[in-house]
Structure formats: C-alpha cells, structure tokens
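Trainee: Pasting a structure below so you can have a look.
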Amino acid sequence: MNLKEYINWTTSINDYETAPKIADSSAWGFEVMPGTCRIPKLNLQNASKGTEGYDSIRNDLISSWAKVTFPFLKCIDAKIQIQRPGEKCHPHLDFLGEYLQDVCEVMPGLLKLQHSLEKPGIDVWRMFVAVEDHIDGHIFNINNEEWKWSKGECIRLNNWQALHWTENTSKIDRVIIKITGVKF
C-alpha cells in the first residue's frame with residue numbers, strides 16, 4: 001500500500017485492539033541513543049488531560065528544544081508526557097496516522113511512497129527523553145523489555161512493530177519528553 005492508503009487505514013482501526021494482533025515481538029524494540037540530552041527547564045503547569053494514560057504539554061519551548069537537540073530530524077513534533085500515579089497506557093503500536101497526515105500536507109509527494117509496518121517508506125523516528133532518573137513504579141515496557149532510564153537518556157522506539165505500554169504504580173508523576181520526526 002502507499003502512504004496515503006496507510007494513513008487512511010490508520011483511521012479505520014482501533015489501535016489498542018489491532019496492535020496486539022499485528023505487533024512483532026521478535027523485532028527490535030528500542031535502542032538507547034549515545035550520550036545524554038540536556039533537559040530544558042520545564043513548566044509542567046496547564047497540562048492537557050489525556051485519554052490514553054497520561055497528560056501532555058505542547059509548547060514553543062519544547063518544540064524549539066527538540067529542533068536544536070535533534071537537528072537531523074525534520075517535521076518535529078514534541079510534547080511532554082506526564083503520567084500520574086495510577087495511570088496506565090495500554091499495549092499499543094504508534095501507527096502515527098495523524099502525524100503522517102500533517103507531514104504529507106507539507107510534502108504531498110510522500111503520499112505515493114510504498115509503506116507498511118514491516119517495510120516503512122518513510123524514516124520516522126519516535127524518541128523518548130527521560131526528564132528524571134527512573135524510580136520503581138515507573139514502568140515503560142517495550143516488546144516485554146523494561147526500559148529503566150537515567151536523566152537525559154534518550155531511546156529510539158520501533159514504533160511500527162514493537163508493542164509497548166507504560167504504567168505508573170508509584171506515588172510520583174513520571175515526566176518524559178516524546179519527540180517524533182522524519183529523517184531524510
């Protein structure tokens with residue numbers, strides 16, 4: 001299928017029902033990126049209440065930080081995710097339909113690329129940067145492997161194939177920065 005057909009397909013499915021059926025547990029789940037990221041001073045006020053197991057904040061500060069920190073990526077989308085105690089984001093894949101639609105509005109020629117979860121036609125990078133050191137109860141599980149991070153550590157997620165989920169069983173908010181971009 002081409003990217004346009006893929007984007008349309010993503011609007012016809014329920015991510016949380018479809019993902020466990022098509023995820024590839026033998027695929028690579030995540031890779032830790034070299035070095036550490038400088039964490040910007042974050043204002044965690046006015047987070048938007050989420051429906052997927054976390055609240056989020058998007059603003060110019062975090063977008064500018066992501067563009068400077070990851071200059072090799074284009075079409076960057078960045079947000080702060082705050083997972084409160086007791087919240088859980090159920091197992092899923094990041095199909096990225098809405099994100100890809102936004103990218104293709106700027107670059108409509110991409111819609112013709114052949115694209116599948118097994119053989120993506122566009123090199124999307126989904127990354128997470130740890131704002132603080134990992135604590136017990138902050139769970140980030142990717143293809144049955146738990147990521148336990150240090151402040152400033154960054155991972156790249158295999159969003160197309162690796163089933164992942166998060167949960168906060170601690171008494172402390174878990175704050176992480178999520179970055180999505182395209183490498184051309």
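Identifiers in the structure tokens: chain A, B, ... in order shown; residue index from 1 per chain; ligand index from 1 in order shown.
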As an mmCIF file with C-alpha atoms, in the first residue's frame, please: all residues of stretch 65-158 of chain A that backbone DSSP puts in strand (DSSP E).
Mentor:
data_model
loop_
_atom_site.group_PDB
_atom_site.id
_atom_site.type_symbol
_atom_site.label_atom_id
_atom_site.label_comp_id
_atom_site.auth_asym_id
_atom_site.auth_seq_id
_atom_site.Cartn_x
_atom_site.Cartn_y
_atom_site.Cartn_z
ATOM 1 C CA LYS A 74 12.500 17.356 10.114
ATOM 2 C CA CYS A 75 8.782 17.863 10.811
ATOM 3 C CA ILE A 76 9.395 17.599 14.539
ATOM 4 C CA ASP A 77 6.515 17.121 16.936
ATOM 5 C CA ALA A 78 7.458 17.248 20.611
ATOM 6 C CA LYS A 79 5.489 17.089 23.798
ATOM 7 C CA ILE A 80 5.916 16.485 27.480
ATOM 8 C CA GLN A 81 4.051 13.465 28.817
ATOM 9 C CA ILE A 82 3.063 13.363 32.473
ATOM 10 C CA GLN A 83 1.863 10.014 33.736
ATOM 11 C CA LYS A 88 -1.695 3.232 32.522
ATOM 12 C CA CYS A 89 -1.271 3.439 28.762
ATOM 13 C CA HIS A 90 -2.318 0.032 27.421
ATOM 14 C CA PRO A 91 -0.239 -2.059 24.972
ATOM 15 C CA HIS A 92 -0.178 -0.486 21.512
ATOM 16 C CA VAL A 124 10.121 8.256 11.177
ATOM 17 C CA TRP A 125 11.964 8.459 14.480
ATOM 18 C CA ARG A 126 9.889 8.193 17.678
ATOM 19 C CA MET A 127 12.077 9.007 20.656
ATOM 20 C CA PHE A 128 11.668 9.450 24.383
ATOM 21 C CA VAL A 129 13.934 11.502 26.636
ATOM 22 C CA ALA A 130 13.979 10.890 30.388
ATOM 23 C CA HIS A 138 7.619 3.977 36.583
ATOM 24 C CA ILE A 139 7.129 1.236 34.006
ATOM 25 C CA PHE A 140 7.930 1.593 30.292
ATOM 26 C CA ASN A 141 7.734 -1.821 28.660
ATOM 27 C CA ILE A 142 8.706 -2.407 25.024
ATOM 28 C CA GLU A 145 11.684 -5.500 27.916
ATOM 29 C CA GLU A 146 11.523 -2.781 30.547
ATOM 30 C CA CYS A 154 17.143 9.001 25.056
ATOM 31 C CA ILE A 155 15.738 5.959 23.307
ATOM 32 C CA ARG A 156 14.506 5.421 19.792
ATOM 33 C CA LEU A 157 11.375 3.268 19.685
#
Trainee: I'd like the contact shell of stretch 98-100 of chain A - 9 Å cut-off, only C-alpha atoms, skipping same-chain residues fewer than 2 positions apart - returned as a PDB file with C-alpha atoms, in the first residue's frame.
Mentor:
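To be explicit, this is the file written out as out-v4.pdb:
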ATOM      1  CA  LEU A   3       1.423   6.069   2.394  1.00  0.00           C
ATOM      2  CA  ILE A   7      -2.905   6.831   6.620  1.00  0.00           C
ATOM      3  CA  THR A  10      -4.989   4.039  10.485  1.00  0.00           C
ATOM      4  CA  THR A  11      -8.284   5.934  10.724  1.00  0.00           C
ATOM      5  CA  ASP A  77       6.515  17.121  16.936  1.00  0.00           C
ATOM      6  CA  PHE A  95       0.756   3.921  13.844  1.00  0.00           C
ATOM      7  CA  LEU A  96       1.236   7.722  13.524  1.00  0.00           C
ATOM      8  CA  ASP A 102       0.410  16.522   8.837  1.00  0.00           C
ATOM      9  CA  VAL A 103       3.809  15.721   7.267  1.00  0.00           C
ATOM     10  CA  CYS A 104       2.175  14.930   3.920  1.00  0.00           C
ATOM     11  CA  GLU A 105       0.278  18.220   3.925  1.00  0.00           C
ATOM     12  CA  THR A 180       8.637  12.453  16.613  1.00  0.00           C
TER      13      THR A 180
END
Trainee: Would you mind listing what lies within 6 Å of A:Leu93 as a list of chain:residue names, with only C-alpha atoms counted and same-chain residues fewer than 3 positions away left out?
Mentor: A:Ala19, A:Asn159, A:Leu163
Trainee: Restricted to N, CA and C atoms, what would the selected residues look like written as an mmCIF file, in the first residue's frame?
Mentor:
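Okay, this is what ended up in selection_36.cif:
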data_model
loop_
_atom_site.group_PDB
_atom_site.id
_atom_site.type_symbol
_atom_site.label_atom_id
_atom_site.label_comp_id
_atom_site.auth_asym_id
_atom_site.auth_seq_id
_atom_site.Cartn_x
_atom_site.Cartn_y
_atom_site.Cartn_z
ATOM 1 N N ALA A 19 -3.227 -3.462 17.451
ATOM 2 C CA ALA A 19 -1.785 -3.573 17.708
ATOM 3 C C ALA A 19 -1.352 -4.918 18.284
ATOM 4 N N ASN A 159 8.451 2.074 16.655
ATOM 5 C CA ASN A 159 7.018 2.337 16.796
ATOM 6 C C ASN A 159 6.155 1.508 15.864
ATOM 7 N N LEU A 163 5.370 -3.677 20.360
ATOM 8 C CA LEU A 163 4.256 -3.426 21.275
ATOM 9 C C LEU A 163 4.824 -2.803 22.549
#
Trainee: Can you list, as a list of chain:residue names, every protein, DNA or RNA residue that comes within 10 Å of stretch 41-46 of chain A when you count only C-alpha atoms, leaving out same-chain residues fewer than 4 positions away?
Mentor: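 Contacts, with the query itself left out: A:Asp55, A:Ser56, A:Ile57, A:Arg58, A:Asn59, A:Leu61, A:Ile62, A:Ile80, A:Gln81, A:Ile82, A:Val131, A:Val175.
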Trainee: Could you name the residues that touch A:Trp149 at 8 Å or less, counting only C-alpha atoms, but leaving out those on the same chain fewer than 3 positions away, as a list in words?
Mentor: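 In the requested form, the answer reads Ala130, Asp133, His134 and Glu153 of chain A.
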Trainee: Have a look at atom CA of A:Ala162 and atom CA of A:Asn2 and let me know their distance in Å, one decimal.
Mentor: 21.4 Å
Trainee: Write out as number ranges by chain the residues lying within 12 Å of A:Lys119, counting only C-alpha atoms and excluding same-chain residues fewer than 4 positions away.
Mentor: A: 1-3, 113-115, 123-124, 158, 160-161
Trainee: With C-alpha atoms retained, export the selected residues as a short mmCIF file (atom, residue, chain, number, x, y, z; two decimals), in the first residue's frame.
Mentor:
data_model
loop_
_atom_site.label_atom_id
_atom_site.label_comp_id
_atom_site.auth_asym_id
_atom_site.auth_seq_id
_atom_site.Cartn_x
_atom_site.Cartn_y
_atom_site.Cartn_z
CA MET A 1 0.00 0.00 0.00
CA ASN A 2 1.14 3.56 -0.44
CA LEU A 3 1.42 6.07 2.39
CA LEU A 113 5.65 6.11 -1.24
CA GLN A 114 5.13 2.40 -0.64
CA HIS A 115 4.68 1.90 3.10
CA ASP A 123 12.13 7.04 8.18
CA VAL A 124 10.12 8.26 11.18
CA ASN A 158 10.48 0.81 16.94
CA TRP A 160 5.92 0.31 13.75
CA GLN A 161 6.47 -3.16 15.24
#
Trainee: Could you please write out, as an MDAnalysis selection string, every residue of chain A that DSSP assigns to helix (DSSP H, G or I)?
Mentor: chainID A and resid 3:10 15:22 60:69 97:106 108:112
Trainee: Go ahead and compute the interatomic distance for atom CA of A:Ile13 and atom CA of A:Leu110, in Å to one decimal.
Mentor: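 Going from atom CA of A:Ile13 over to atom CA of A:Leu110, I get 22.0 Å.
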Trainee: Could you work out how far atom CA of A:Arg84 lies from atom CA of A:Ser150, giving the answer in Å with one decimal?
Mentor: 19.1 Å
